[in-house]
file target_7.txt (compact mmCIF, C-alpha atoms)
# COMPACT_ATOMS: atom_id res chain seq x y z
CA MET A 1 77.68 96.95 -37.88
CA ALA A 2 81.36 97.91 -37.35
CA ASN A 3 81.59 101.68 -37.57
CA VAL A 4 84.78 103.76 -37.84
CA LEU A 5 85.58 107.13 -36.26
CA ALA A 6 87.76 109.64 -38.12
CA VAL A 7 89.32 112.26 -35.82
CA THR A 8 89.65 115.46 -37.85
CA GLU A 9 91.92 118.44 -37.19
CA GLN A 10 91.06 122.13 -37.33
CA LYS A 11 93.06 125.32 -37.38
CA GLY A 12 91.59 128.76 -36.86
CA GLY A 13 88.08 127.31 -36.89
CA SER A 14 88.43 125.58 -40.27
CA LEU A 15 89.23 121.96 -40.97
CA ARG A 16 92.72 121.18 -42.24
CA LYS A 17 93.36 119.36 -45.51
CA VAL A 18 94.66 116.32 -43.63
CA SER A 19 91.15 115.81 -42.22
CA LEU A 20 89.94 114.68 -45.64
CA GLU A 21 92.76 112.14 -45.80
CA VAL A 22 91.81 110.79 -42.37
CA VAL A 23 88.18 110.41 -43.47
CA THR A 24 89.32 108.71 -46.69
CA ALA A 25 91.37 106.19 -44.69
CA ALA A 26 88.43 105.61 -42.35
CA ARG A 27 86.17 105.03 -45.36
CA ARG A 28 88.51 102.33 -46.60
CA LEU A 29 88.21 100.53 -43.25
CA ALA A 30 84.44 101.03 -43.00
CA ASP A 31 83.92 99.51 -46.45
CA GLY A 32 85.85 96.44 -45.34
CA LEU A 33 84.06 96.21 -42.01
CA GLY A 34 80.58 96.91 -43.36
CA GLY A 35 79.95 100.03 -41.27
CA ARG A 36 79.63 103.79 -41.54
CA VAL A 37 82.16 106.60 -41.03
CA ASP A 38 81.68 109.22 -38.33
CA ALA A 39 83.92 112.30 -38.56
CA LEU A 40 84.62 113.91 -35.19
CA VAL A 41 85.20 117.68 -35.21
CA VAL A 42 86.58 119.13 -31.97
CA GLY A 43 87.10 122.87 -31.49
CA ALA A 44 85.80 126.12 -30.09
CA PRO A 45 82.17 127.19 -30.63
CA GLY A 46 81.77 128.29 -34.22
CA VAL A 47 84.18 125.74 -35.67
CA ASP A 48 83.15 125.25 -39.28
CA ALA A 49 82.48 121.54 -39.72
CA THR A 50 81.52 122.23 -43.34
CA SER A 51 84.78 124.00 -44.24
CA ALA A 52 85.98 120.76 -45.85
CA ASN A 53 83.90 118.35 -47.91
CA LEU A 54 83.81 115.54 -45.36
CA GLY A 55 80.93 113.86 -47.18
CA GLY A 56 82.89 113.88 -50.41
CA ALA A 57 85.77 112.16 -48.62
CA GLY A 58 83.49 109.40 -47.34
CA ALA A 59 81.91 110.57 -44.04
CA ASP A 60 78.34 109.43 -43.38
CA ARG A 61 77.92 111.50 -40.22
CA VAL A 62 79.69 114.47 -38.61
CA VAL A 63 79.93 114.63 -34.83
CA VAL A 64 80.79 118.06 -33.39
CA ALA A 65 82.11 118.70 -29.85
CA THR A 66 82.90 122.30 -28.89
CA ASP A 67 84.17 124.21 -25.87
CA PRO A 68 85.67 127.71 -25.53
CA SER A 69 88.93 126.18 -24.26
CA PHE A 70 89.31 124.21 -27.50
CA ALA A 71 90.22 127.16 -29.72
CA HIS A 72 93.74 125.70 -29.82
CA TYR A 73 94.74 122.06 -29.42
CA GLN A 74 94.36 121.18 -25.74
CA ALA A 75 95.77 117.73 -25.01
CA ASP A 76 93.78 116.72 -21.92
CA GLY A 77 90.39 117.97 -23.08
CA TYR A 78 90.79 116.69 -26.61
CA ALA A 79 91.87 113.24 -25.44
CA ALA A 80 88.96 113.00 -22.98
CA THR A 81 86.48 114.12 -25.65
CA VAL A 82 87.72 111.64 -28.27
CA ALA A 83 87.81 108.75 -25.78
CA ALA A 84 84.27 109.56 -24.61
CA GLN A 85 82.96 109.55 -28.18
CA VAL A 86 84.69 106.23 -28.90
CA ARG A 87 83.02 104.64 -25.89
CA ARG A 88 79.68 106.22 -26.76
CA GLY A 89 79.80 105.08 -30.37
CA GLY A 90 81.26 101.60 -29.81
CA TYR A 91 83.53 101.97 -32.84
CA ALA A 92 85.50 99.12 -34.34
CA ALA A 93 88.34 101.45 -35.38
CA VAL A 94 89.55 105.02 -34.87
CA VAL A 95 91.74 106.89 -37.36
CA PHE A 96 93.98 109.86 -36.50
CA ALA A 97 96.43 111.91 -38.57
CA ALA A 98 100.13 111.37 -37.84
CA THR A 99 100.67 115.13 -37.62
CA ALA A 100 102.29 117.03 -34.75
CA SER A 101 99.05 117.22 -32.77
CA GLY A 102 97.89 113.77 -33.91
CA ARG A 103 101.10 112.17 -32.66
CA ASP A 104 100.39 113.75 -29.28
CA LEU A 105 96.66 113.00 -29.17
CA ALA A 106 96.47 109.40 -30.43
CA PRO A 107 98.69 107.86 -27.69
CA ARG A 108 96.72 109.71 -25.00
CA VAL A 109 93.48 108.25 -26.34
CA ALA A 110 95.04 104.78 -26.60
CA VAL A 111 96.03 104.93 -22.92
CA ARG A 112 92.53 106.00 -21.89
CA LEU A 113 91.01 103.12 -23.86
CA ASP A 114 93.76 100.66 -22.88
CA VAL A 115 94.35 99.49 -26.46
CA PRO A 116 97.46 99.45 -28.72
CA LEU A 117 98.12 102.04 -31.40
CA ALA A 118 99.69 101.63 -34.86
CA VAL A 119 101.43 104.88 -35.84
CA ASP A 120 102.55 106.44 -39.10
CA VAL A 121 100.53 104.00 -41.21
CA THR A 122 100.86 104.13 -44.99
CA GLU A 123 98.48 101.29 -45.99
CA LEU A 124 95.20 100.08 -44.46
CA GLY A 125 92.91 97.14 -45.01
CA VAL A 126 90.67 94.53 -43.41
CA GLU A 127 91.35 90.80 -43.27
CA ALA A 128 89.01 88.34 -41.58
CA GLY A 129 87.29 91.19 -39.77
CA LYS A 130 90.53 92.61 -38.34
CA VAL A 131 92.28 95.86 -39.24
CA VAL A 132 95.65 95.30 -40.91
CA CYS A 133 98.11 98.03 -41.75
CA THR A 134 101.58 98.71 -43.08
CA ARG A 135 104.03 101.14 -41.49
CA PRO A 136 107.68 101.98 -42.23
CA VAL A 137 110.24 100.91 -39.61
CA TYR A 138 114.04 101.19 -39.23
CA ALA A 139 114.03 104.69 -40.71
CA GLY A 140 111.98 103.49 -43.67
CA LYS A 141 114.34 100.65 -44.63
CA ALA A 142 111.67 98.03 -43.96
CA LEU A 143 107.89 97.78 -43.89
CA GLN A 144 106.08 96.25 -40.93
CA MET A 145 102.74 94.47 -41.38
CA VAL A 146 100.53 94.82 -38.31
CA ARG A 147 97.23 93.18 -37.41
CA LEU A 148 95.24 94.86 -34.65
CA ASP A 149 93.24 92.35 -32.63
CA ALA A 150 92.06 94.81 -29.99
CA THR A 151 88.78 96.72 -30.25
CA PRO A 152 88.76 99.49 -31.15
CA ALA A 153 91.72 99.37 -33.51
CA LEU A 154 93.60 102.66 -33.28
CA VAL A 155 95.78 103.91 -36.16
CA SER A 156 97.40 107.20 -37.17
CA VAL A 157 97.96 107.67 -40.90
CA ARG A 158 100.86 109.51 -42.51
CA PRO A 159 99.76 112.70 -44.30
CA ASN A 160 99.69 112.64 -48.10
CA THR A 161 99.35 108.85 -48.26
CA PHE A 162 95.54 108.61 -48.50
CA PRO A 163 94.55 111.19 -51.13
CA VAL A 164 90.86 111.82 -51.63
CA ALA A 165 89.60 110.39 -54.91
CA PRO A 166 86.99 112.51 -56.77
CA GLY A 167 83.51 111.20 -56.08
CA HIS A 168 84.78 108.92 -53.33
CA GLY A 169 81.96 109.76 -50.95
CA GLY A 170 78.34 108.74 -51.22
CA ALA A 171 75.46 110.85 -52.46
CA GLY A 172 74.08 113.57 -50.21
CA ALA A 173 75.51 115.55 -47.34
CA PRO A 174 76.37 113.74 -44.09
CA THR A 175 74.10 114.20 -41.09
CA THR A 176 75.41 116.28 -38.18
CA GLU A 177 75.19 115.59 -34.46
CA THR A 178 76.40 117.71 -31.54
CA VAL A 179 77.80 116.05 -28.43
CA ALA A 180 79.16 117.41 -25.16
CA ALA A 181 82.87 118.14 -24.91
CA GLU A 182 84.83 116.66 -22.03
CA THR A 183 86.50 119.64 -20.37
CA ALA A 184 89.19 117.85 -18.40
CA VAL A 185 91.44 119.92 -16.17
CA ALA A 186 94.14 121.20 -18.49
CA ARG A 187 97.69 120.58 -17.33
CA VAL A 188 99.08 122.42 -20.34
CA ILE A 189 97.54 125.66 -21.60
CA VAL A 190 98.43 127.22 -24.96
CA LYS A 191 99.03 130.92 -24.41
CA GLU A 192 100.11 131.96 -27.90
CA LEU A 193 100.60 130.58 -31.39
CA LYS A 194 103.22 132.02 -33.72
CA ALA A 195 101.94 131.45 -37.22
CA ALA A 196 104.16 130.75 -40.18
CA GLU A 197 104.53 133.40 -42.84
CA GLN A 198 101.14 134.01 -44.42
CA GLY A 199 100.69 132.05 -47.60
CA SER A 200 103.48 129.54 -46.89
CA LEU A 201 102.55 125.88 -47.08
CA ASP A 202 103.10 123.42 -44.24
CA VAL A 203 105.96 121.16 -45.27
CA ALA A 204 104.02 118.13 -43.96
CA GLU A 205 101.02 118.80 -46.20
CA ALA A 206 102.48 120.29 -49.38
CA PRO A 207 102.32 118.16 -52.56
CA ILE A 208 105.84 119.35 -53.48
CA VAL A 209 108.73 119.95 -51.06
CA VAL A 210 112.04 121.60 -51.95
CA SER A 211 114.59 121.04 -49.17
CA GLY A 212 118.04 122.46 -48.70
CA GLY A 213 121.00 121.17 -46.71
CA ARG A 214 124.47 122.24 -45.70
CA GLY A 215 125.43 122.22 -49.37
CA MET A 216 123.65 125.59 -49.63
CA LYS A 217 126.65 126.96 -47.66
CA GLY A 218 124.69 129.61 -45.78
CA PRO A 219 121.25 131.12 -45.10
CA GLU A 220 121.89 133.84 -47.66
CA HIS A 221 121.65 131.24 -50.45
CA PHE A 222 118.29 129.81 -49.42
CA HIS A 223 116.54 132.35 -51.62
CA LEU A 224 117.26 129.88 -54.45
CA ILE A 225 115.30 127.15 -52.61
CA GLU A 226 112.47 129.62 -51.99
CA GLU A 227 112.43 130.71 -55.63
CA LEU A 228 112.19 127.12 -56.86
CA ALA A 229 109.32 126.43 -54.46
CA LYS A 230 107.60 129.62 -55.64
CA ALA A 231 108.12 128.63 -59.28
CA PHE A 232 106.12 125.43 -58.71
CA GLY A 233 103.35 127.43 -57.07
CA ASN A 234 102.27 124.69 -54.68
CA ALA A 235 105.54 123.77 -52.98
CA ALA A 236 106.88 124.18 -49.44
CA VAL A 237 110.44 124.87 -48.34
CA GLY A 238 112.11 122.20 -46.21
CA ALA A 239 115.48 121.86 -44.53
CA SER A 240 117.82 119.27 -43.05
CA ARG A 241 118.52 119.08 -39.33
CA ALA A 242 122.01 120.51 -39.76
CA VAL A 243 120.55 123.59 -41.41
CA VAL A 244 117.98 124.09 -38.65
CA ASP A 245 120.54 123.48 -35.90
CA ALA A 246 122.76 126.13 -37.48
CA GLY A 247 119.89 128.61 -37.30
CA TRP A 248 119.60 129.05 -41.05
CA ARG A 249 115.93 127.99 -41.18
CA PRO A 250 113.06 127.64 -38.65
CA HIS A 251 112.40 124.29 -36.99
CA GLY A 252 108.98 124.07 -38.62
CA GLU A 253 110.71 123.38 -41.94
CA GLN A 254 112.88 120.51 -40.66
CA VAL A 255 112.35 117.20 -42.45
CA GLY A 256 113.59 114.02 -40.79
CA GLN A 257 113.38 111.75 -37.80
CA THR A 258 113.48 114.64 -35.33
CA GLY A 259 111.52 116.97 -37.60
CA LYS A 260 108.50 116.36 -39.81
CA THR A 261 107.70 113.26 -41.83
CA VAL A 262 106.60 114.11 -45.36
CA SER A 263 105.17 112.08 -48.24
CA PRO A 264 104.77 114.56 -51.11
CA SER A 265 104.28 113.71 -54.75
CA LEU A 266 107.67 115.33 -55.45
CA TYR A 267 110.61 115.83 -53.06
CA ILE A 268 113.67 117.77 -54.23
CA ALA A 269 116.74 117.49 -51.98
CA VAL A 270 119.37 120.14 -52.69
CA GLY A 271 122.77 119.88 -51.05
CA ILE A 272 121.55 117.16 -48.67
CA SER A 273 123.87 114.17 -48.25
CA GLY A 274 121.13 111.84 -47.06
CA ALA A 275 121.83 110.89 -43.46
CA ILE A 276 119.60 108.10 -42.15
CA GLN A 277 117.72 110.55 -39.93
CA HIS A 278 116.76 112.68 -42.92
CA LEU A 279 115.83 109.69 -45.08
CA ALA A 280 113.44 108.53 -42.34
CA GLY A 281 111.37 111.64 -42.89
CA MET A 282 111.10 111.68 -46.68
CA ARG A 283 111.87 108.35 -48.32
CA THR A 284 108.15 107.55 -48.83
CA ALA A 285 107.81 110.51 -51.22
CA LYS A 286 106.41 109.33 -54.54
CA THR A 287 109.23 110.89 -56.59
CA ILE A 288 112.61 111.96 -55.18
CA VAL A 289 115.05 114.24 -57.01
CA ALA A 290 118.54 114.77 -55.55
CA ILE A 291 120.99 117.55 -56.45
CA ASN A 292 124.45 117.12 -54.95
CA ARG A 293 128.10 117.63 -55.95
CA ASP A 294 129.11 114.33 -54.34
CA LYS A 295 128.22 111.47 -56.67
CA ASP A 296 128.58 109.03 -53.75
CA ALA A 297 126.13 110.86 -51.46
CA PRO A 298 123.68 108.40 -49.81
CA ILE A 299 120.72 110.46 -51.04
CA PHE A 300 121.29 109.11 -54.56
CA LYS A 301 120.52 105.57 -53.35
CA VAL A 302 116.88 106.50 -52.68
CA ALA A 303 116.47 109.11 -55.45
CA ASP A 304 114.43 108.41 -58.56
CA TYR A 305 116.40 111.11 -60.40
CA GLY A 306 119.80 112.52 -59.53
CA ILE A 307 121.81 115.50 -60.71
CA VAL A 308 125.51 115.50 -59.86
CA GLY A 309 126.48 119.15 -59.97
CA ASP A 310 126.84 122.49 -58.24
CA ALA A 311 123.50 123.57 -56.75
CA PHE A 312 124.31 127.22 -57.52
CA GLU A 313 124.49 126.35 -61.20
CA VAL A 314 121.68 123.79 -61.30
CA LEU A 315 119.04 125.70 -59.33
CA PRO A 316 118.86 128.87 -61.50
CA ALA A 317 118.47 126.69 -64.62
CA LEU A 318 115.85 124.53 -62.91
CA ILE A 319 113.91 127.57 -61.68
CA GLU A 320 113.80 128.98 -65.20
CA ALA A 321 112.74 125.63 -66.67
CA VAL A 322 109.88 125.25 -64.19
CA ARG A 323 108.68 128.79 -64.86
CA LYS A 324 108.67 128.19 -68.61
CA ALA A 325 106.89 124.86 -68.21
CA ARG A 326 104.14 126.44 -66.10
CA ALA A 327 103.82 129.41 -68.42
CA GLY A 328 103.49 127.14 -71.45

call {"tool": "encode", "arguments": {"input": "target_7.txt", "output": "structure tokens"}}
result
Amino acid sequence: MANVLAVTEQKGGSLRKVSLEVVTAARRLADGLGGRVDALVVGAPGVDATSANLGGAGADRVVVATDPSFAHYQADGYAATVAAQVRRGGYAAVVFAATASGRDLAPRVAVRLDVPLAVDVTELGVEAGKVVCTRPVYAGKALQMVRLDATPALVSVRPNTFPVAPGHGGAGAPTTETVAAETAVARVIVKELKAAEQGSLDVAEAPIVVSGGRGMKGPEHFHLIEELAKAFGNAAVGASRAVVDAGWRPHGEQVGQTGKTVSPSLYIAVGISGAIQHLAGMRTAKTIVAINRDKDAPIFKVADYGIVGDAFEVLPALIEAVRKARAG
């Protein structure tokens, strides 16, 4: 039996939404390999492994490893714990999330296991008993097909690309097992976390992202971007690198090659020309809407819908239209 391990993520003692997507991706592999899905939960004592419906996403078993030093992501200890569980379980594949912490953790585990890693994967499958995957390359201009011959096959999946289907999991709750955490000597210790404004969505996980660029002309105009995001009710505010570099918006909102990679259902780019670095972080969005005064802006080449016009005229009308649509 070829089992698959899904490495979940937690924040503040509760599992993050992306954990369900990781389990869903692992389920897809396990079905092709004929094995079960184990979901690994790593955190401080008291971490709520039931805070997300892991069974509904496809997990057959939940494995919990806790240590007081794991309240926040701790690279050395987390990597040692995941690697130890992989060896203990003899898994055929391991699935991570391509989030900020996942991009740090997965390579560390790959080095410990001495196997290759496929990152930022958007499609997964099994052919002739081997894991095959698709990942964007060249800033999203091409798709690379990869077959992983090594065992275990390690992949990190892009958030928002493996949504959980209702009723995807099997009947009954998954069994739970507790294992020892590997408390490696920490070379980096997290002293403090500065949380985003309460209630704001993470741009990497939000189903809708409204991003602003230099076309907004100044930080004082970003209230229009915020109002549009608020009108949708489930949207996050994003920004281009130029905006973040200018100090208009925090780095946590930056979308692009040197920021966060997003794959929302809807991406609205306002006053963003569409430099290759920005496109690398958002071109896999399911629907892209561009608002720009320059009809020749590169962003229109990847947009599904485009509005050539002044953002300060378009945004108020769009905000009102969205509010009316939601109210109706």

call {"tool": "closest_atom_pairs", "arguments": {"input": "target_7.txt", "of": "stretch 64-108 of chain A", "to": "stretch 246-261 of chain A", "cutoff": "9 Å", "atoms": "only C-alpha atoms", "output": "Markdown table"}}
result
| residue | atom | partner | partner_atom | distance |
| --- | --- | --- | --- | --- |
| A:Ala98 | CA | A:Thr261 | CA | 8.8 |
| A:Thr99 | CA | A:Lys260 | CA | 8.2 |
| A:Ala100 | CA | A:Lys260 | CA | 8.0 |

call {"tool": "atom_distance", "arguments": {"input": "target_7.txt", "atom1": "atom CA of A:His223", "atom2": "atom CA of A:Ala325"}}
result
20.6 Å

call {"tool": "closest_residue", "arguments": {"input": "target_7.txt", "among": "A:Thr161, A:Thr151, A:Thr183, A:Thr24", "to": "A:Thr66", "atoms": "all atoms listed in the file"}}
result
A:Thr183

call {"tool": "residues_around", "arguments": {"input": "target_7.txt", "residues": "stretch 188-191 of chain A", "least_positions_apart": "3", "cutoff": "10 Å", "atoms": "all atoms listed in the file", "output": "list in words"}}
result
Ser69, Phe70, Ala71, His72, Tyr73, Gln74, Ala75, Asp76 and Val185 of chain A

call {"tool": "write_last_selection", "arguments": {"input": "target_7.txt", "atoms": "C-alpha atoms", "output": "PDB file, in the frame of the given file"}}
result
ATOM      1  CA  SER A  69      88.930 126.180 -24.260  1.00  0.00           C
ATOM      2  CA  PHE A  70      89.310 124.210 -27.500  1.00  0.00           C
ATOM      3  CA  ALA A  71      90.220 127.160 -29.720  1.00  0.00           C
ATOM      4  CA  HIS A  72      93.740 125.700 -29.820  1.00  0.00           C
ATOM      5  CA  TYR A  73      94.740 122.060 -29.420  1.00  0.00           C
ATOM      6  CA  GLN A  74      94.360 121.180 -25.740  1.00  0.00           C
ATOM      7  CA  ALA A  75      95.770 117.730 -25.010  1.00  0.00           C
ATOM      8  CA  ASP A  76      93.780 116.720 -21.920  1.00  0.00           C
ATOM      9  CA  VAL A 185      91.440 119.920 -16.170  1.00  0.00           C
TER      10      VAL A 185
END

call {"tool": "closest_residue", "arguments": {"input": "target_7.txt", "among": "A:Ala231, A:Val132, A:Ala285, A:Ala2", "to": "A:Ala303", "atoms": "all atoms listed in the file"}}
result
A:Ala285

call {"tool": "closest_residue", "arguments": {"input": "target_7.txt", "among": "A:Glu127, A:Glu21, A:Asp149, A:Glu182", "to": "A:Ala65", "atoms": "all atoms listed in the file"}}
result
A:Glu182

call {"tool": "closest_atom_pairs", "arguments": {"input": "target_7.txt", "of": "stretch 205-282 of chain A", "to": "stretch 8-20 of chain A", "cutoff": "12 Å", "atoms": "only C-alpha atoms", "output": "JSON lines"}}
result
{"residue": "A:Glu205", "atom": "CA", "partner": "A:Val18", "partner_atom": "CA", "distance": 7.3}
{"residue": "A:Ala206", "atom": "CA", "partner": "A:Lys17", "partner_atom": "CA", "distance": 10.0}
{"residue": "A:Pro207", "atom": "CA", "partner": "A:Lys17", "partner_atom": "CA", "distance": 11.5}

call {"tool": "closest_residue", "arguments": {"input": "target_7.txt", "among": "A:Val137, A:Arg147, A:Val155, A:Val121", "to": "A:Leu105", "atoms": "all atoms listed in the file"}}
result
A:Val155

call {"tool": "residues_around", "arguments": {"input": "target_7.txt", "residues": "A:Val109", "least_positions_apart": "3", "cutoff": "9 Å", "atoms": "all atoms listed in the file", "output": "list in words"}}
result
Tyr78, Ala79, Ala80, Val82, Ala83, Leu105, Ala106, Arg112, Leu113, Asp114, Val115 and Leu154 of chain A

call {"tool": "write_last_selection", "arguments": {"input": "target_7.txt", "atoms": "C-alpha atoms", "output": "CSV table (one decimal), in the coordinates of the input"}}
result
chain,number,residue,atom,x,y,z
A,78,TYR,CA,90.8,116.7,-26.6
A,79,ALA,CA,91.9,113.2,-25.4
A,80,ALA,CA,89.0,113.0,-23.0
A,82,VAL,CA,87.7,111.6,-28.3
A,83,ALA,CA,87.8,108.8,-25.8
A,105,LEU,CA,96.7,113.0,-29.2
A,106,ALA,CA,96.5,109.4,-30.4
A,112,ARG,CA,92.5,106.0,-21.9
A,113,LEU,CA,91.0,103.1,-23.9
A,114,ASP,CA,93.8,100.7,-22.9
A,115,VAL,CA,94.4,99.5,-26.5
A,154,LEU,CA,93.6,102.7,-33.3

call {"tool": "closest_residue", "arguments": {"input": "target_7.txt", "among": "A:Leu40, A:Ala235, A:Ala186, A:Ile291", "to": "A:Val86", "atoms": "only C-alpha atoms"}}
result
A:Leu40

call {"tool": "closest_residue", "arguments": {"input": "target_7.txt", "among": "A:Ala269, A:Ala128, A:Ala84, A:Leu54", "to": "A:Met282", "atoms": "all atoms listed in the file"}}
result
A:Ala269

call {"tool": "atom_distance", "arguments": {"input": "target_7.txt", "atom1": "atom CA of A:Pro136", "atom2": "atom CA of A:Tyr305"}}
result
22.1 Å

call {"tool": "residues_around", "arguments": {"input": "target_7.txt", "residues": "A:Leu266", "least_positions_apart": "6", "cutoff": "8 Å", "atoms": "all atoms listed in the file", "output": "ChimeraX atom specification"}}
result
/A:207-209,285-289

call {"tool": "atom_distance", "arguments": {"input": "target_7.txt", "atom1": "atom CA of A:Glu220", "atom2": "atom CA of A:Leu193"}}
result
27.0 Å

call {"tool": "residues_around", "arguments": {"input": "target_7.txt", "residues": "A:Pro45", "least_positions_apart": "2", "cutoff": "8 Å", "atoms": "all atoms listed in the file", "output": "PyMOL selection string"}}
result
chain A and resi 43+47+66-68

call {"tool": "axis_aligned_box", "arguments": {"input": "target_7.txt", "around": "stretch 61-73 of chain A", "padding_each_side": "3 Å", "output": "JSON"}}
result
{"center_x": 86.3, "center_y": 119.6, "center_z": -32.2, "size_x": 22.8, "size_y": 22.2, "size_z": 22.0}

call {"tool": "residues_around", "arguments": {"input": "target_7.txt", "residues": "A:Ile299", "least_positions_apart": "6", "cutoff": "8 Å", "atoms": "only C-alpha atoms", "output": "PyMOL selection string"}}
result
chain A and resi 272-275+279+290
